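Just below is one structure, and these are the notes that go with it.
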Amino acid sequence: MNYKMLSKLFSQILALECVFMAPSIIICLLDNEIGLAINFFISIVIILAVAGILKFLSKNAKKGFYAREGYVCAGGSWILLSLGGALPFFLSRQIPNYIDAWFEIVSGLTTTGASILEDVESMSRGLLFWRSFSHWIGGMGVLVLLLALVSMGKNNNGFTLHLLRAESPGPDVGRIVPKMRETAMILYIIYLIMTLVDFLFLIAGGMSCFEALCTAFGTAGTGGFGVKADSLGSYSPYLINVTTIFMFLFGVNFNLYYLITTKQFKTAIKDEEVRYYFGIAGVATVLIAINIRNLYPTIGETLKHSAFQVSSLMTSTGFSTVDFDLWPNFSKGVLLFLMLIGACAGSTGGGFKVIRFILLFKSGRRGLKQMLSPNKVAVIRMNGHQVNEKVMNTLNIYLTVYVLILLASIFVVSFDGQSILTNISAVLACFNNIGPGFDMVGPSKSFHDFSILSKLVLIFDMLAGRLEIMPILAICNLSTWKRK
C-alpha cells in the first residue's frame, strides 16, 4: 500500500473542499450571518490543518499506484470529505448532533437527497447552499474533478485510470480520449455546460438566482435536496417540466454526449443502454399516468406528475411535486422498481444501473439456451460487441454483494421497529442514492427518527452505493492495508 501517495491525494482533496466552502461564506456575509460565516471559516481551518498533516506525511511520495490504492483513495476521499463537510452544520448547531450532520452531508455528496431535516425552510441560506452544492460536487465525482484540475505528471494514465475506475459508476469505464486527464476535463466541461443551461432555463421561468442555483445543483448531481418543504411542488408547470427533462438528461451516460458533440450520431443512436433507458421511462410514465388519472383534473397534469416522478426516481434525484406515497399501490410498485433499476452507467444517476439489468437479462437468456442445447456456444453481445467473460464474472460478484448488503442493512434497520415498507424503501433509497422512500420516509417526511445505529448503516449504504460498493469494502478489508 502506497501510504505516502494516498496522503498526498487526500490532502489535495481536502484543500479542494475548502475552496468549495468559499461561496457559502459569501452568502452568509451577504445575509449578515456573521456567526455562520465564522463557523464555515473554523471548519476550513480544521480541514486545512488535517490536509497540512497529510501533506507533511506525504514527503517523497512515489507514484507506485495500483487497483487497491485506487479503491482506498476513492473510498477514503469520500469519507474524509463528508467528515469535514459536516462541520458547518454541527458547529452552527443548526444540526446539533454530529451523526445527523454527517448523515446530511453524506446524503448530499453521494447525491442521495435523504434528509434528517424536519423543517428545511428554517435553515440558513448559507447551509442550504452548501448542502445543495454538495450534490454538484459529488455528482460527477470529486476525484474526476481532481484529475481534471491537477496534473499527475507524464505517463501516468495507468495511475489516473485506477482512480477513475474506482470512482466512476458502472460495470466498465473506458477512455473517451487516450489521455485520462483529458477524459476527466471533457466530462466536467459537459457537466458544467449542462448545469449552466439548466440554471438559465430556471431563471427564465421566474426562479430567484439562489433557488435556481440550488435546484440546478440538485438536478445536475441527481441529488434532490430542495430549499422548500414541498420540494418543487409549489413551482410552475414550466419549471417542473424543465426539471423533469434535465433530470432525465443527467441520467444518460455522459460518453453519449461526447459522441454527439463529435458528430458520431450513429454510434450514439445504437447504444443499447440508452434505448432501454428511454423505453423503460416511457412505459413507466404511461402506466403510472393511467393508474393515477382519476387523482388529477386533466390529462396534462396527470402526465406532468407521472413523468416528473418517473424521471426523479429512475435517475435517483429524489425531487417531488406531490406526495407519491398517497398514490395507488400499482404506481408505488412501479416507482419502487425504478428506484432499483436506476439510471445509465457513466451518468450522475444512482441505482443498480440499466446496463447491469440488460447484461443480467442476456446472461439468463444465454443460460436457458445452454440448458436446452448444451453443446451450443452462446456469447453475450452489447452494442454489437462481445462482452468479455471477466465483465460478466464481475457483474455476478457485484450482484451477490449488492443483495447481501441490502438484506443485512434491512435486517439491522428493522430493529428500530418501523414498518417493513419503511425499512425496505429506506435502505433502497440510501443504497441506490434515491432520497425519499415510502411510508415513514416518504417525500413529505424525513429520516430524523431513525436510531444512531440505523443512520450509520444508511451512511454506509449511501457511500457504498455511490462508489459501486467495492471501494468501501476495500477499506473494510484488513488485507488491503498490508504492505506488498
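Ordering of the C-alpha cells sets the chain letters (A, B, ...), residue numbers begin anew at 1 in every chain, and ligands are numbered from 1 in the order given.
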Output as a count of residues only all residues of segment 68-290 of chain A that backbone DSSP marks as alpha helix (DSSP H).
-> 153
Given only C-alpha atoms, how would the per-residue table for segment 305-326 of chain A near segment 212-226 of chain A read, listing every residue at most 6 Å away with its closest atom pair and distance in Å to one decimal, sorted by chain and number, as CSV?
residue,atom,partner,partner_atom,distance
A:Ser316,CA,A:Thr222,CA,6.0
A:Thr317,CA,A:Thr222,CA,3.9
A:Gly318,CA,A:Gly224,CA,4.7
A:Phe319,CA,A:Gly224,CA,4.8
If we count only C-alpha atoms, what is near Tyr402 of chain A at a cut-off of 12 Å, once residues fewer than 6 positions away on the same chain are taken out, given as a count of residues only?
-> 19
To one decimal in Å, tell me the separation between atom CA of Ser331 of chain A and atom CA of Ser306 of chain A.
->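 Here the two named atoms are 9.2 Å from each other.
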Mind pulling up the distance from atom CA of Ser7 of chain A to atom CA of Ile53 of chain A?
->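 Pair atom CA of Ile53 of chain A / atom CA of Ser7 of chain A returns 8.8 Å.
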Among the residues A:Leu30, A:Leu57, A:Leu36, A:Leu338, the one that comes closest to Lys4 of chain A [using only C-alpha atoms] |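 Closest candidate: A:Leu57.
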Non-local contacts of Asp230 of chain A (9 Å; only C-alpha atoms; under 2 positions in same chain excluded) as a list in words | Gly226, Val227, Lys228, Leu232, Gly233, Ser234, Ser320, Thr321, Val322, Asp323, Pro443 and Ser444 of chain A
So that I have them on file, write out the residues from the current selection with C-alpha atoms, as a PDB file, in the first residue's frame.
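Now in part_38.pdb:
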ATOM      1  CA  GLY A 226     -34.656  21.286  -2.146  1.00  0.00           C
ATOM      2  CA  VAL A 227     -34.894  24.651  -0.422  1.00  0.00           C
ATOM      3  CA  LYS A 228     -38.633  24.358   0.198  1.00  0.00           C
ATOM      4  CA  LEU A 232     -40.746  21.539  -6.240  1.00  0.00           C
ATOM      5  CA  GLY A 233     -44.477  21.183  -5.606  1.00  0.00           C
ATOM      6  CA  SER A 234     -45.179  24.929  -5.434  1.00  0.00           C
ATOM      7  CA  SER A 320     -41.046  15.562  -5.761  1.00  0.00           C
ATOM      8  CA  THR A 321     -44.049  17.603  -6.841  1.00  0.00           C
ATOM      9  CA  VAL A 322     -46.655  15.575  -4.944  1.00  0.00           C
ATOM     10  CA  ASP A 323     -46.688  13.053  -2.121  1.00  0.00           C
ATOM     11  CA  PRO A 443     -41.389  12.555   0.195  1.00  0.00           C
ATOM     12  CA  SER A 444     -43.182  14.592   2.872  1.00  0.00           C
TER      13      SER A 444
END
Figure out the distance between atom CA of Ile434 of chain A and atom CA of Ala281 of chain A, please, to one decimal in Å.
->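 Computing the Euclidean distance for atom CA of Ala281 of chain A and atom CA of Ile434 of chain A yields 15.8 Å.
Non-sequential neighbours of Met194 of chain A (distance at most 9 Å, separation of 2 or more positions within a chain, only C-alpha atoms) are Ile189, Ile190, Tyr191, Leu192, Leu196, Val197, Asp198, Phe199, Ala220, Phe246, Leu249 and Phe250 of chain A.
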Kindly indicate which residue among A:Trp327, A:Arg68, A:Ser115, A:Ser43 lies nearest to Leu83 of chain A, using only C-alpha atoms for the distances.
->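 Under the stated criterion, the closest residue is A:Ser43.
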Counting only C-alpha atoms, the residue among A:Leu187, A:Ile105, A:Leu404, A:Ile193 that lies closest to Leu81 of chain A is A:Ile105
Residue among A:Ile46, A:Val283, A:Val242, A:Leu360 lying closest to Tyr398 of chain A, counting only C-alpha atoms |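 The answer is A:Leu360, which sits nearest to Tyr398 of chain A.
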Residue neighbourhood segment 262-271 of chain A, 12 Å, only C-alpha atoms, exclusion window fewer than 2 positions, as a PyMOL selection string | chain A and resi 176-177+186+252-260+273-278+344-345+354-355+358+381-385
How would the residues just chosen look if you wrote them out with C-alpha atoms as a compact mmCIF listing (two decimals), in the first residue's frame?
# COMPACT_ATOMS: atom_id res chain seq x y z
CA ILE A 176 -13.19 8.93 -24.21
CA VAL A 177 -9.78 10.10 -25.43
CA ILE A 186 -14.20 16.66 -21.14
CA VAL A 252 -27.77 9.46 -19.52
CA ASN A 253 -24.20 8.15 -19.90
CA PHE A 254 -22.00 11.21 -20.45
CA ASN A 255 -20.00 9.35 -23.08
CA LEU A 256 -23.11 9.69 -25.26
CA TYR A 257 -22.89 13.48 -25.07
CA TYR A 258 -19.26 13.32 -26.15
CA LEU A 259 -20.27 11.20 -29.15
CA ILE A 260 -22.96 13.74 -30.05
CA GLU A 273 -28.44 1.04 -22.66
CA VAL A 274 -29.79 4.45 -23.66
CA ARG A 275 -32.54 2.88 -25.79
CA TYR A 276 -33.64 0.70 -22.85
CA TYR A 277 -33.39 3.71 -20.53
CA PHE A 278 -35.76 5.75 -22.71
CA CYS A 344 -27.30 4.72 -17.01
CA ALA A 345 -23.71 3.86 -16.17
CA VAL A 354 -29.73 -0.10 -16.64
CA ILE A 355 -26.73 -1.76 -18.27
CA ILE A 358 -29.56 -5.71 -19.62
CA ARG A 381 -23.17 -9.02 -27.03
CA MET A 382 -23.64 -5.38 -26.12
CA ASN A 383 -23.86 -2.72 -28.84
CA GLY A 384 -22.74 -5.34 -31.35
CA HIS A 385 -19.58 -6.26 -29.44
Can you list, as a list in words, every protein, DNA or RNA residue that comes within 9 Å of Ser451 of chain A when you count only C-alpha atoms, leaving out same-chain residues fewer than 3 positions away?
->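 Answer for this query is Val413, Asp416, His448, Ser454, Lys455 and Leu456 of chain A.
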Go through A:Ser11, A:Ser446, A:Thr112, A:Ser124 one by one, measure the shortest atom-to-atom distance of each to Ala37 of chain A using only C-alpha atoms, and give the residue with the smallest value.
-> A:Ser124
Looking at A:Val286, A:Ile25, A:Val387, A:Leu406, which one is nearest to Leu128 of chain A, with distances taken over only C-alpha atoms?
-> A:Ile25
